[in-house]
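Colleague: Enclosed is the structure file work-v5.pdb (PDB, C-alpha atoms).
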```pdb
ATOM      1  CA  MET U   1    -108.891 -27.676 -43.252
ATOM      2  CA  LEU U   2    -109.358 -30.807 -45.355
ATOM      3  CA  ASP U   3    -113.155 -31.009 -45.259
ATOM      4  CA  GLY U   4    -114.406 -31.726 -48.751
ATOM      5  CA  ARG U   5    -110.869 -32.227 -50.051
ATOM      6  CA  ILE U   6    -110.160 -35.775 -48.943
ATOM      7  CA  VAL U   7    -112.025 -39.050 -48.977
ATOM      8  CA  GLN U   8    -113.222 -40.160 -45.556
ATOM      9  CA  THR U   9    -112.020 -43.653 -46.245
ATOM     10  CA  PRO U  10    -114.205 -46.612 -45.315
ATOM     11  CA  ILE U  11    -113.569 -49.353 -42.809
ATOM     12  CA  THR U  12    -114.380 -53.030 -43.102
ATOM     13  CA  GLU U  13    -114.310 -55.779 -40.501
ATOM     14  CA  LEU U  14    -112.053 -58.630 -41.550
ATOM     15  CA  ASP U  15    -114.702 -61.184 -40.650
ATOM     16  CA  TYR U  16    -114.054 -63.705 -43.407
ATOM     17  CA  ASP U  17    -114.023 -67.476 -42.961
ATOM     18  CA  ALA U  18    -110.892 -67.716 -45.113
ATOM     19  CA  LEU U  19    -109.062 -65.101 -43.028
ATOM     20  CA  ARG U  20    -110.186 -65.977 -39.526
ATOM     21  CA  PRO U  21    -107.658 -68.827 -38.973
ATOM     22  CA  TYR U  22    -104.818 -66.333 -39.391
ATOM     23  CA  LEU U  23    -106.182 -63.631 -37.068
ATOM     24  CA  PRO U  24    -105.829 -63.346 -33.288
ATOM     25  CA  GLU U  25    -108.408 -65.445 -31.471
ATOM     26  CA  ARG U  26    -111.574 -63.704 -30.228
ATOM     27  CA  SER U  27    -110.436 -60.447 -31.840
ATOM     28  CA  LYS U  28    -112.334 -57.969 -33.978
ATOM     29  CA  VAL U  29    -109.970 -56.740 -36.686
ATOM     30  CA  ILE U  30    -111.050 -53.751 -38.748
ATOM     31  CA  ALA U  31    -109.184 -52.411 -41.760
ATOM     32  CA  LYS U  32    -109.229 -48.706 -42.583
ATOM     33  CA  LEU U  33    -108.879 -48.589 -46.342
ATOM     34  CA  GLU U  34    -106.601 -45.648 -47.085
ATOM     35  CA  LEU U  35    -105.887 -47.258 -50.432
ATOM     36  CA  PHE U  36    -109.217 -45.701 -51.466
ATOM     37  CA  GLN U  37    -107.928 -42.204 -50.710
ATOM     38  CA  HIS U  38    -107.223 -39.687 -53.510
ATOM     39  CA  THR U  39    -104.056 -40.778 -55.375
ATOM     40  CA  GLY U  40    -104.292 -44.257 -53.869
ATOM     41  CA  SER U  41    -102.702 -43.598 -50.480
ATOM     42  CA  PHE U  42    -102.916 -41.655 -47.219
ATOM     43  CA  LYS U  43    -100.301 -39.231 -48.556
ATOM     44  CA  ALA U  44    -102.964 -37.065 -50.220
ATOM     45  CA  ARG U  45    -103.953 -35.750 -46.791
ATOM     46  CA  GLY U  46    -100.566 -34.360 -45.849
ATOM     47  CA  ALA U  47     -99.572 -33.224 -49.333
ATOM     48  CA  GLN U  48    -102.474 -30.783 -49.454
ATOM     49  CA  LEU U  49    -101.842 -29.470 -45.951
ATOM     50  CA  SER U  50     -98.140 -29.036 -46.666
ATOM     51  CA  ILE U  51     -98.881 -26.848 -49.681
ATOM     52  CA  ASP U  52    -101.468 -24.909 -47.668
ATOM     53  CA  LEU U  53     -98.744 -24.046 -45.133
ATOM     54  CA  LEU U  54     -96.448 -22.445 -47.752
ATOM     55  CA  ASP U  55     -96.366 -18.687 -48.257
ATOM     56  CA  GLU U  56     -97.249 -17.246 -51.648
ATOM     57  CA  ALA U  57     -93.628 -16.732 -52.725
ATOM     58  CA  SER U  58     -92.826 -20.359 -51.991
ATOM     59  CA  LYS U  59     -95.866 -21.542 -53.884
ATOM     60  CA  ALA U  60     -94.846 -19.451 -56.867
ATOM     61  CA  ALA U  61     -91.392 -21.056 -56.942
ATOM     62  CA  GLY U  62     -92.733 -24.601 -56.646
ATOM     63  CA  VAL U  63     -92.126 -27.644 -54.481
ATOM     64  CA  VAL U  64     -89.763 -30.608 -54.471
ATOM     65  CA  THR U  65     -89.761 -33.935 -52.670
ATOM     66  CA  ALA U  66     -88.117 -37.353 -52.544
ATOM     67  CA  SER U  67     -90.228 -40.481 -52.698
ATOM     68  CA  ALA U  68     -90.467 -44.130 -53.689
ATOM     69  CA  GLY U  69     -93.809 -43.285 -55.237
ATOM     70  CA  ASN U  70     -96.830 -42.560 -53.063
ATOM     71  CA  HIS U  71     -95.684 -39.178 -51.805
ATOM     72  CA  ALA U  72     -94.466 -38.241 -55.283
ATOM     73  CA  ILE U  73     -97.895 -39.006 -56.681
ATOM     74  CA  ALA U  74     -99.737 -37.193 -53.898
ATOM     75  CA  LEU U  75     -97.577 -34.075 -54.086
ATOM     76  CA  SER U  76     -97.847 -33.925 -57.875
ATOM     77  CA  TRP U  77    -101.623 -34.175 -57.537
ATOM     78  CA  ALA U  78    -101.856 -31.566 -54.795
ATOM     79  CA  ALA U  79     -99.499 -29.222 -56.652
ATOM     80  CA  ARG U  80    -101.571 -29.469 -59.806
ATOM     81  CA  LYS U  81    -104.702 -28.647 -57.820
ATOM     82  CA  ALA U  82    -102.900 -25.613 -56.377
ATOM     83  CA  GLY U  83    -101.518 -24.577 -59.768
ATOM     84  CA  ILE U  84     -97.850 -24.836 -58.787
ATOM     85  CA  LYS U  85     -94.787 -26.741 -60.017
ATOM     86  CA  ALA U  86     -93.763 -30.055 -58.489
ATOM     87  CA  VAL U  87     -90.422 -31.829 -58.862
ATOM     88  CA  VAL U  88     -89.891 -35.293 -57.399
ATOM     89  CA  VAL U  89     -86.737 -37.340 -56.851
ATOM     90  CA  MET U  90     -87.312 -41.071 -57.252
ATOM     91  CA  PRO U  91     -85.085 -44.169 -57.257
ATOM     92  CA  GLU U  92     -84.495 -45.823 -60.631
ATOM     93  CA  THR U  93     -86.025 -49.051 -59.329
ATOM     94  CA  VAL U  94     -89.444 -47.528 -58.618
ATOM     95  CA  ASP U  95     -92.559 -49.199 -60.023
ATOM     96  CA  GLN U  96     -93.229 -47.826 -63.498
ATOM     97  CA  VAL U  97     -96.904 -47.373 -62.684
ATOM     98  CA  LYS U  98     -95.869 -44.792 -60.086
ATOM     99  CA  VAL U  99     -93.600 -43.080 -62.607
ATOM    100  CA  ALA U 100     -96.373 -42.900 -65.183
ATOM    101  CA  THR U 101     -98.833 -41.522 -62.637
ATOM    102  CA  VAL U 102     -96.476 -38.758 -61.522
ATOM    103  CA  LYS U 103     -95.916 -37.720 -65.140
ATOM    104  CA  GLN U 104     -99.639 -37.812 -65.858
ATOM    105  CA  LEU U 105    -100.208 -35.455 -62.931
ATOM    106  CA  GLY U 106     -97.611 -33.015 -64.239
ATOM    107  CA  GLY U 107     -94.751 -33.779 -61.866
ATOM    108  CA  ARG U 108     -91.169 -33.600 -63.121
ATOM    109  CA  ILE U 109     -89.066 -36.599 -62.115
ATOM    110  CA  GLU U 110     -85.368 -36.683 -61.318
ATOM    111  CA  PHE U 111     -84.057 -40.238 -61.002
ATOM    112  CA  VAL U 112     -81.258 -41.397 -58.694
ATOM    113  CA  LYS U 113     -79.714 -44.779 -57.946
ATOM    114  CA  ASP U 114     -81.577 -45.806 -54.799
ATOM    115  CA  LEU U 115     -83.592 -44.711 -51.771
ATOM    116  CA  VAL U 116     -80.478 -43.667 -49.889
ATOM    117  CA  ALA U 117     -79.493 -41.207 -52.643
ATOM    118  CA  VAL U 118     -82.885 -39.526 -53.016
ATOM    119  CA  PHE U 119     -82.458 -37.144 -50.099
ATOM    120  CA  GLU U 120     -79.048 -35.908 -51.234
ATOM    121  CA  LYS U 121     -80.551 -34.997 -54.600
ATOM    122  CA  LEU U 122     -83.550 -33.443 -52.859
ATOM    123  CA  ASP U 123     -81.360 -30.955 -51.009
ATOM    124  CA  THR U 124     -79.407 -30.146 -54.170
ATOM    125  CA  LEU U 125     -82.516 -29.413 -56.228
ATOM    126  CA  SER U 126     -84.045 -27.303 -53.484
ATOM    127  CA  THR U 127     -80.949 -25.111 -53.375
ATOM    128  CA  GLU U 128     -80.323 -24.901 -57.117
ATOM    129  CA  GLU U 129     -83.910 -24.213 -58.173
ATOM    130  CA  ARG U 130     -85.120 -22.476 -54.983
ATOM    131  CA  LEU U 131     -87.883 -25.015 -54.526
ATOM    132  CA  SER U 132     -89.633 -25.553 -51.200
ATOM    133  CA  ILE U 133     -89.082 -29.028 -49.797
ATOM    134  CA  VAL U 134     -92.249 -30.913 -48.892
ATOM    135  CA  HIS U 135     -90.596 -33.724 -46.996
ATOM    136  CA  PRO U 136     -92.344 -37.093 -47.228
ATOM    137  CA  TYR U 137     -92.351 -37.609 -43.467
ATOM    138  CA  ASP U 138     -90.408 -35.028 -41.464
ATOM    139  CA  ALA U 139     -92.907 -32.244 -42.037
ATOM    140  CA  LYS U 140     -95.649 -30.682 -39.948
ATOM    141  CA  GLY U 141     -98.164 -30.857 -42.783
ATOM    142  CA  MET U 142     -97.579 -34.560 -43.390
ATOM    143  CA  ILE U 143     -97.990 -35.440 -39.725
ATOM    144  CA  LEU U 144    -101.102 -33.276 -39.366
ATOM    145  CA  GLY U 145    -102.534 -34.835 -42.507
ATOM    146  CA  ALA U 146    -102.038 -38.312 -41.086
ATOM    147  CA  SER U 147    -103.714 -37.256 -37.850
ATOM    148  CA  THR U 148    -106.968 -36.779 -39.776
ATOM    149  CA  CYS U 149    -106.830 -40.484 -40.586
ATOM    150  CA  GLY U 150    -106.531 -41.238 -36.885
ATOM    151  CA  LEU U 151    -109.473 -39.011 -36.032
ATOM    152  CA  GLU U 152    -111.604 -40.756 -38.641
ATOM    153  CA  LEU U 153    -110.584 -44.161 -37.284
ATOM    154  CA  ILE U 154    -111.575 -43.441 -33.687
ATOM    155  CA  THR U 155    -114.878 -41.994 -34.877
ATOM    156  CA  GLN U 156    -115.565 -45.081 -36.963
ATOM    157  CA  VAL U 157    -114.364 -47.533 -34.293
ATOM    158  CA  PRO U 158    -115.104 -45.938 -30.891
ATOM    159  CA  ASP U 159    -114.277 -49.177 -29.017
ATOM    160  CA  LEU U 160    -110.802 -49.390 -30.532
ATOM    161  CA  ASP U 161    -108.196 -51.083 -28.314
ATOM    162  CA  VAL U 162    -105.166 -51.156 -30.613
ATOM    163  CA  ALA U 163    -104.133 -49.461 -33.861
ATOM    164  CA  VAL U 164    -101.586 -51.253 -36.042
ATOM    165  CA  VAL U 165     -99.865 -48.957 -38.520
ATOM    166  CA  PRO U 166     -97.135 -49.406 -41.163
ATOM    167  CA  VAL U 167     -93.950 -47.450 -40.462
ATOM    168  CA  GLY U 168     -91.668 -45.817 -42.988
ATOM    169  CA  GLY U 169     -90.359 -42.420 -41.997
ATOM    170  CA  GLY U 170     -92.923 -42.032 -39.225
ATOM    171  CA  ALA U 171     -95.410 -39.405 -40.432
ATOM    172  CA  LEU U 172     -98.331 -41.822 -40.778
ATOM    173  CA  ILE U 173     -97.961 -43.510 -37.408
ATOM    174  CA  GLY U 174     -96.907 -40.226 -35.805
ATOM    175  CA  GLY U 175    -100.043 -38.424 -36.935
ATOM    176  CA  ILE U 176    -102.384 -41.318 -36.210
ATOM    177  CA  SER U 177    -100.879 -41.986 -32.774
ATOM    178  CA  SER U 178    -101.028 -38.347 -31.715
ATOM    179  CA  ALA U 179    -104.699 -38.123 -32.697
ATOM    180  CA  LEU U 180    -105.619 -41.389 -30.989
ATOM    181  CA  LYS U 181    -103.699 -40.702 -27.784
ATOM    182  CA  ARG U 182    -105.238 -37.261 -27.428
ATOM    183  CA  THR U 183    -108.686 -38.780 -27.864
ATOM    184  CA  ASN U 184    -108.149 -41.865 -25.713
ATOM    185  CA  PRO U 185    -104.716 -42.392 -24.103
ATOM    186  CA  ARG U 186    -105.565 -46.028 -23.376
ATOM    187  CA  ILE U 187    -105.498 -46.976 -27.061
ATOM    188  CA  GLU U 188    -102.292 -48.864 -27.859
ATOM    189  CA  VAL U 189    -100.493 -47.893 -31.058
ATOM    190  CA  ILE U 190     -98.121 -50.421 -32.599
ATOM    191  CA  GLY U 191     -96.002 -49.871 -35.680
ATOM    192  CA  ILE U 192     -94.967 -52.471 -38.249
ATOM    193  CA  GLU U 193     -91.627 -52.181 -40.030
ATOM    194  CA  PRO U 194     -89.949 -54.465 -42.564
ATOM    195  CA  THR U 195     -86.829 -56.090 -41.139
ATOM    196  CA  GLY U 196     -84.841 -54.710 -44.071
ATOM    197  CA  ALA U 197     -86.050 -51.139 -43.509
ATOM    198  CA  ASN U 198     -86.199 -50.824 -39.736
ATOM    199  CA  VAL U 199     -84.734 -47.381 -39.193
ATOM    200  CA  MET U 200     -87.404 -46.319 -36.690
ATOM    201  CA  SER U 201     -86.892 -49.401 -34.521
ATOM    202  CA  GLN U 202     -83.163 -48.766 -34.502
ATOM    203  CA  SER U 203     -83.711 -45.086 -33.730
ATOM    204  CA  LEU U 204     -86.009 -45.805 -30.792
ATOM    205  CA  ASN U 205     -83.536 -48.323 -29.427
ATOM    206  CA  ALA U 206     -80.761 -45.749 -29.738
ATOM    207  CA  GLY U 207     -82.855 -42.943 -28.295
ATOM    208  CA  HIS U 208     -82.178 -40.626 -31.239
ATOM    209  CA  PRO U 209     -82.602 -40.530 -35.042
ATOM    210  CA  THR U 210     -80.335 -42.919 -36.941
ATOM    211  CA  HIS U 211     -79.816 -43.942 -40.558
ATOM    212  CA  LEU U 212     -79.492 -47.094 -42.652
ATOM    213  CA  ASP U 213     -76.700 -47.703 -45.148
ATOM    214  CA  GLN U 214     -79.024 -49.704 -47.369
ATOM    215  CA  ILE U 215     -82.683 -50.681 -47.741
ATOM    216  CA  ASN U 216     -83.567 -54.308 -48.375
ATOM    217  CA  SER U 217     -87.325 -54.868 -48.442
ATOM    218  CA  ILE U 218     -90.056 -55.534 -50.948
ATOM    219  CA  ALA U 219     -92.030 -52.746 -49.237
ATOM    220  CA  ASP U 220     -90.245 -49.840 -50.903
ATOM    221  CA  SER U 221     -92.864 -47.341 -49.708
ATOM    222  CA  LEU U 222     -91.666 -48.049 -46.166
ATOM    223  CA  GLY U 223     -88.000 -47.715 -47.093
ATOM    224  CA  ALA U 224     -87.001 -44.531 -45.285
ATOM    225  CA  PRO U 225     -83.174 -44.491 -45.135
ATOM    226  CA  LYS U 226     -83.076 -42.302 -42.040
ATOM    227  CA  SER U 227     -85.264 -41.029 -39.243
ATOM    228  CA  LEU U 228     -85.462 -37.314 -38.613
ATOM    229  CA  PRO U 229     -86.118 -35.199 -35.507
ATOM    230  CA  LEU U 230     -89.716 -34.052 -36.001
ATOM    231  CA  SER U 231     -91.330 -37.338 -36.960
ATOM    232  CA  PHE U 232     -89.033 -39.309 -34.646
ATOM    233  CA  GLY U 233     -90.052 -37.119 -31.712
ATOM    234  CA  VAL U 234     -93.754 -37.676 -32.336
ATOM    235  CA  VAL U 235     -93.257 -41.419 -32.651
ATOM    236  CA  GLN U 236     -91.121 -41.541 -29.520
ATOM    237  CA  THR U 237     -93.801 -39.664 -27.578
ATOM    238  CA  HIS U 238     -96.962 -41.410 -28.747
ATOM    239  CA  VAL U 239     -96.186 -44.858 -30.177
ATOM    240  CA  ASP U 240     -96.214 -47.781 -27.751
ATOM    241  CA  ASP U 241     -94.171 -50.292 -29.725
ATOM    242  CA  ILE U 242     -92.770 -51.187 -33.138
ATOM    243  CA  VAL U 243     -92.321 -54.758 -34.330
ATOM    244  CA  THR U 244     -90.818 -56.052 -37.544
ATOM    245  CA  VAL U 245     -92.007 -58.445 -40.222
ATOM    246  CA  VAL U 246     -90.080 -60.208 -42.952
ATOM    247  CA  ASP U 247     -90.924 -59.864 -46.633
ATOM    248  CA  GLU U 248     -92.425 -63.354 -46.731
ATOM    249  CA  GLN U 249     -95.007 -62.336 -44.107
ATOM    250  CA  ILE U 250     -95.857 -59.250 -46.144
ATOM    251  CA  LEU U 251     -96.341 -61.382 -49.252
ATOM    252  CA  GLU U 252     -98.610 -63.748 -47.337
ATOM    253  CA  ALA U 253    -100.719 -60.821 -46.119
ATOM    254  CA  SER U 254    -100.923 -59.483 -49.692
ATOM    255  CA  ALA U 255    -102.322 -62.849 -50.787
ATOM    256  CA  LEU U 256    -104.820 -62.870 -47.922
ATOM    257  CA  MET U 257    -106.034 -59.366 -48.774
ATOM    258  CA  PHE U 258    -106.541 -60.386 -52.386
ATOM    259  CA  SER U 259    -108.355 -63.626 -51.579
ATOM    260  CA  THR U 260    -110.712 -62.020 -49.063
ATOM    261  CA  LEU U 261    -111.049 -58.285 -49.804
ATOM    262  CA  LYS U 262    -110.355 -58.764 -53.522
ATOM    263  CA  VAL U 263    -107.881 -55.878 -53.564
ATOM    264  CA  ALA U 264    -104.411 -55.959 -55.087
ATOM    265  CA  VAL U 265    -102.197 -53.833 -52.850
ATOM    266  CA  GLU U 266     -98.595 -52.727 -52.707
ATOM    267  CA  PRO U 267     -96.468 -54.498 -50.084
ATOM    268  CA  ALA U 268     -96.519 -51.552 -47.653
ATOM    269  CA  CYS U 269    -100.306 -51.785 -47.556
ATOM    270  CA  ALA U 270    -100.143 -55.401 -46.412
ATOM    271  CA  ALA U 271     -97.543 -54.772 -43.703
ATOM    272  CA  ALA U 272     -99.976 -53.995 -40.877
ATOM    273  CA  LEU U 273    -102.024 -57.131 -41.513
ATOM    274  CA  ALA U 274     -98.767 -59.094 -41.683
ATOM    275  CA  GLY U 275     -98.006 -57.854 -38.190
ATOM    276  CA  VAL U 276    -101.445 -58.790 -36.867
ATOM    277  CA  CYS U 277    -101.274 -62.301 -38.328
ATOM    278  CA  GLY U 278     -97.624 -62.765 -37.394
ATOM    279  CA  PRO U 279     -95.676 -61.359 -34.437
ATOM    280  CA  LEU U 280     -98.701 -59.692 -32.804
ATOM    281  CA  ARG U 281    -101.150 -62.566 -33.114
ATOM    282  CA  GLU U 282    -101.086 -63.769 -29.502
ATOM    283  CA  ARG U 283    -100.704 -60.264 -28.083
ATOM    284  CA  LEU U 284    -103.906 -59.068 -29.790
ATOM    285  CA  GLU U 285    -106.192 -61.904 -28.706
ATOM    286  CA  GLY U 286    -109.624 -60.650 -27.647
ATOM    287  CA  LYS U 287    -108.993 -57.057 -28.715
ATOM    288  CA  THR U 288    -110.607 -54.647 -31.151
ATOM    289  CA  VAL U 289    -107.843 -53.863 -33.616
ATOM    290  CA  GLY U 290    -107.663 -51.192 -36.290
ATOM    291  CA  VAL U 291    -105.360 -51.997 -39.215
ATOM    292  CA  ILE U 292    -104.244 -49.226 -41.562
ATOM    293  CA  ALA U 293    -104.187 -50.337 -45.201
ATOM    294  CA  CYS U 294    -102.096 -47.453 -46.456
ATOM    295  CA  GLY U 295    -101.865 -47.594 -50.259
ATOM    296  CA  SER U 296    -102.308 -49.430 -53.540
ATOM    297  CA  ASN U 297     -99.990 -47.884 -56.110
ATOM    298  CA  ILE U 298     -98.507 -50.915 -57.840
ATOM    299  CA  SER U 299     -98.496 -52.316 -61.351
ATOM    300  CA  PRO U 300    -100.878 -55.219 -62.031
ATOM    301  CA  GLU U 301     -97.912 -57.400 -62.967
ATOM    302  CA  LYS U 302     -96.053 -56.801 -59.709
ATOM    303  CA  ALA U 303     -99.215 -57.132 -57.652
ATOM    304  CA  MET U 304    -100.101 -60.488 -59.145
ATOM    305  CA  ALA U 305     -96.518 -61.734 -58.814
ATOM    306  CA  ASN U 306     -96.583 -60.828 -55.113
ATOM    307  CA  ILE U 307     -99.980 -62.441 -54.608
ATOM    308  CA  THR U 308     -98.820 -65.639 -56.314
ATOM    309  CA  LYS U 309     -95.670 -65.791 -54.179
ATOM    310  CA  GLY U 310     -97.653 -65.079 -51.022
ATOM    311  CA  ALA U 311    -100.276 -67.711 -51.788
ATOM    312  CA  ALA U 312     -97.542 -70.307 -52.254
ATOM    313  CA  LEU U 313     -96.108 -69.446 -48.837
ATOM    314  CA  LEU U 314     -99.388 -69.619 -46.944
ATOM    315  CA  SER U 315    -100.228 -72.559 -44.745
ATOM    316  CA  THR U 316    -103.199 -72.732 -42.380
ATOM    317  CA  PRO U 317    -102.081 -71.885 -38.824
TER     318      PRO U 317
END
```
Translate the structure of the given file into structure tokens.
Modeller:
Amino acid sequence: MLDGRIVQTPITELDYDALRPYLPERSKVIAKLELFQHTGSFKARGAQLSIDLLDEASKAAGVVTASAGNHAIALSWAARKAGIKAVVVMPETVDQVKVATVKQLGGRIEFVKDLVAVFEKLDTLSTEERLSIVHPYDAKGMILGASTCGLELITQVPDLDVAVVPVGGGALIGGISSALKRTNPRIEVIGIEPTGANVMSQSLNAGHPTHLDQINSIADSLGAPKSLPLSFGVVQTHVDDIVTVVDEQILEASALMFSTLKVAVEPACAAALAGVCGPLRERLEGKTVGVIACGSNISPEKAMANITKGAALLSTP
């Protein structure tokens, strides 16, 4: 359903002299560059499918979502392509580049205090304005959209042993893991969460969806305040493990991606590499590893500040 409507994003082997000391020994680590997708993140896949799944009356009324940025941008873009209205709820602290992009794409923004408050406002707007919710992660279309990324990855890397995927609300890793496991059940799928936004880890430990009272991570795109039944169920079924990284590890990975790939990414995009170079380093020795680089919507000023901080933290292993 997405043929000709998405970018089949490229892969690149992270075979750089400057990066090799940080990677698992004897491993082949390959990054899938979803930051080169339409709208700068993987979200463009699911946003289009989610609108496709609406009936005509719902399309006529318009759509609404809550987002720290990437989903807001993707839904605004997909809604404009479909000729329908899009309203997005965003926290006041969101990167102004994301705000400007949403407005440029024709989305209407409603601001709230923080990531915890966005979903309360989402429900209110949906009821008051009769808008269809396109949830950023607990939605069939978003999970199916992410699965197309997984199918591309296994086609591009047929000898894949492990996929390492950033985790926010669970749609990305849920879709990718379901596609990979159906293709080759032996592939291990590992999620990476920030320690300050680890709702999926807590939910899996509890055996049911849970919520966080606050989000405390530089990776705001991964800052889901709660897990929800649909995406949680897919993750619980198909994902082998989730590990956490601290913000300092994410900053270090951001600096490594800039120094080697020459890309300036948002913190969420560096999370998977942070996991590979950090808590998963020994576990992934000798394996072929796919790393999902999920998005790049960040202001130049914030990107360079993160890169500078990360470079200062780095020391050769």
Colleague: If the PyMOL selection byres ((chain U and resi 19) around 10) were run on this exact file, what residues would it hold? Put them as a PyMOL selection string.
Modeller: chain U and resi 14-18+20-23+253+256-257+259-261+277+316
Colleague: Report the residues retrieved by the PyMOL selection byres ((chain U and resi 97) around 8) from the displayed file, expressed as a ChimeraX atom specification.
Modeller: /U:95-96,98-101,297-299
Colleague: Do you know which residues are at most 7 Å from stretch 240-250 of chain U counting all atoms listed in the file, after dropping those on the same chain fewer than 5 positions away, and could you put them as a short mmCIF file (atom, residue, chain, number, x, y, z; two decimals) with C-alpha atoms, in the coordinates of the input?
Modeller:
```cif
data_model
loop_
_atom_site.label_atom_id
_atom_site.label_comp_id
_atom_site.auth_asym_id
_atom_site.auth_seq_id
_atom_site.Cartn_x
_atom_site.Cartn_y
_atom_site.Cartn_z
CA GLU U 188 -102.29 -48.86 -27.86
CA VAL U 189 -100.49 -47.89 -31.06
CA ILE U 190 -98.12 -50.42 -32.60
CA GLY U 191 -96.00 -49.87 -35.68
CA ILE U 192 -94.97 -52.47 -38.25
CA GLU U 193 -91.63 -52.18 -40.03
CA PRO U 194 -89.95 -54.46 -42.56
CA THR U 195 -86.83 -56.09 -41.14
CA SER U 201 -86.89 -49.40 -34.52
CA SER U 217 -87.32 -54.87 -48.44
CA ILE U 218 -90.06 -55.53 -50.95
CA PRO U 267 -96.47 -54.50 -50.08
CA ALA U 270 -100.14 -55.40 -46.41
CA ALA U 271 -97.54 -54.77 -43.70
CA ALA U 274 -98.77 -59.09 -41.68
CA GLY U 275 -98.01 -57.85 -38.19
CA GLY U 310 -97.65 -65.08 -51.02
#
```
Colleague: Enter the distance from atom CA of U:Lys59 to atom CA of U:Leu122, in Å, rounded to one decimal.
Modeller: 17.2 Å
Colleague: Write out as an MDAnalysis selection string the residues lying within 8 Å of stretch 71-75 of chain U, counting all atoms listed in the file and excluding same-chain residues fewer than 5 positions away.
Modeller: chainID U and resid 38:39 41 43:44 47:48 65:66 86 88:90 98 101:102 105 107 136
Colleague: For a quick check of understanding, using only C-alpha atoms, which of U:Ala139, U:Lys113, U:Ala60, U:Gln214 has the smallest distance to U:Asn198?
Modeller: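 Under the stated criterion, the closest residue is U:Gln214.
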Colleague: Translate the PyMOL selection byres ((chain U and resi 289-292) around 8), as applied to the file shown, into an explicit residue set as a ChimeraX atom specification.
Modeller: /U:27-34,153,157,160-166,269,272-273,284,287-288,293-294
Colleague: Write out as a PyMOL selection string each polymer residue whose atoms come within 6 Å of U:Ile176, counting only C-alpha atoms; drop sequence neighbours fewer than 3 positions from it.
Modeller: chain U and resi 146-147+150+173+179
Colleague: Taking into account all atoms listed in the file, which residue in the set U:Ser227, U:Ser315, U:Thr9, U:Thr183 is nearest to U:Gly169?
Modeller: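 Using all atoms listed in the file, the shortest distance to U:Gly169 belongs to U:Ser227.
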Colleague: Atom CA of U:Phe36 to atom CA of U:Gln156: how many Å, to one decimal?
Modeller: 15.8 Å
Colleague: So how many Å separate atom CA of U:Ser254 and atom CA of U:Val276, to one decimal?
Modeller: 12.9 Å
Colleague: With all atoms listed in the file as the atoms that count, which of U:Ser58, U:Ser296, U:Asn70, U:Thr148 lies nearest to U:Arg130?
Modeller: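 Between U:Ser58, U:Ser296, U:Asn70, U:Thr148, the residue approaching U:Arg130 most closely is U:Ser58.
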Colleague: Here is a test: counting only C-alpha atoms, which residue of U:Leu172, U:Leu180, U:Val265, U:Leu204 is nearest to U:Asn306?
Modeller: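 Result for the nearest residue to U:Asn306: U:Val265.
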Colleague: Extending 4 Å beyond the listed atoms of stretch 109-127 of chain U on each side, what axis-aligned box results? I want centre and edge lengths in Å to one decimal, as lines of an AutoDock Vina configuration file.
Modeller:
```
center_x = -84.1
center_y = -35.5
center_z = -56.0
size_x = 18.0
size_y = 28.7
size_z = 20.2
```
Colleague: When you look at U:Lys140 with a cut-off of 12 Å (counting all atoms listed in the file), what residues show up, excluding the ones that are within fewer than 2 positions of it in the same chain? I need them as an MDAnalysis selection string.
Modeller: chainID U and resid 45:54 133:138 142:147 170:172 174:175 229:231 233:234
Colleague: When distances are computed from all atoms listed in the file, which of U:Gly141, U:Leu228, U:Val87, U:Ala57 shows the smallest separation from U:Met1?
Modeller: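 Using all atoms listed in the file, the shortest distance to U:Met1 belongs to U:Gly141.
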Colleague: Could you check which of U:Gln202, U:Thr308, U:Ser221, U:Asn216 is closest to U:Glu252, using only C-alpha atoms?
Modeller: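 The shortest atom-to-atom distance to U:Glu252 comes from U:Thr308.
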Colleague: Quick one: residues within 8 Å of (-109.3, -35.2, -49.4) (file frame), counting all atoms listed in the file, please, as a list in words.
Modeller: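 So the residues meeting the distance criterion are Leu2, Asp3, Gly4, Arg5, Ile6, Val7, Gln8, Gln37, His38, Ala44 and Arg45 of chain U.
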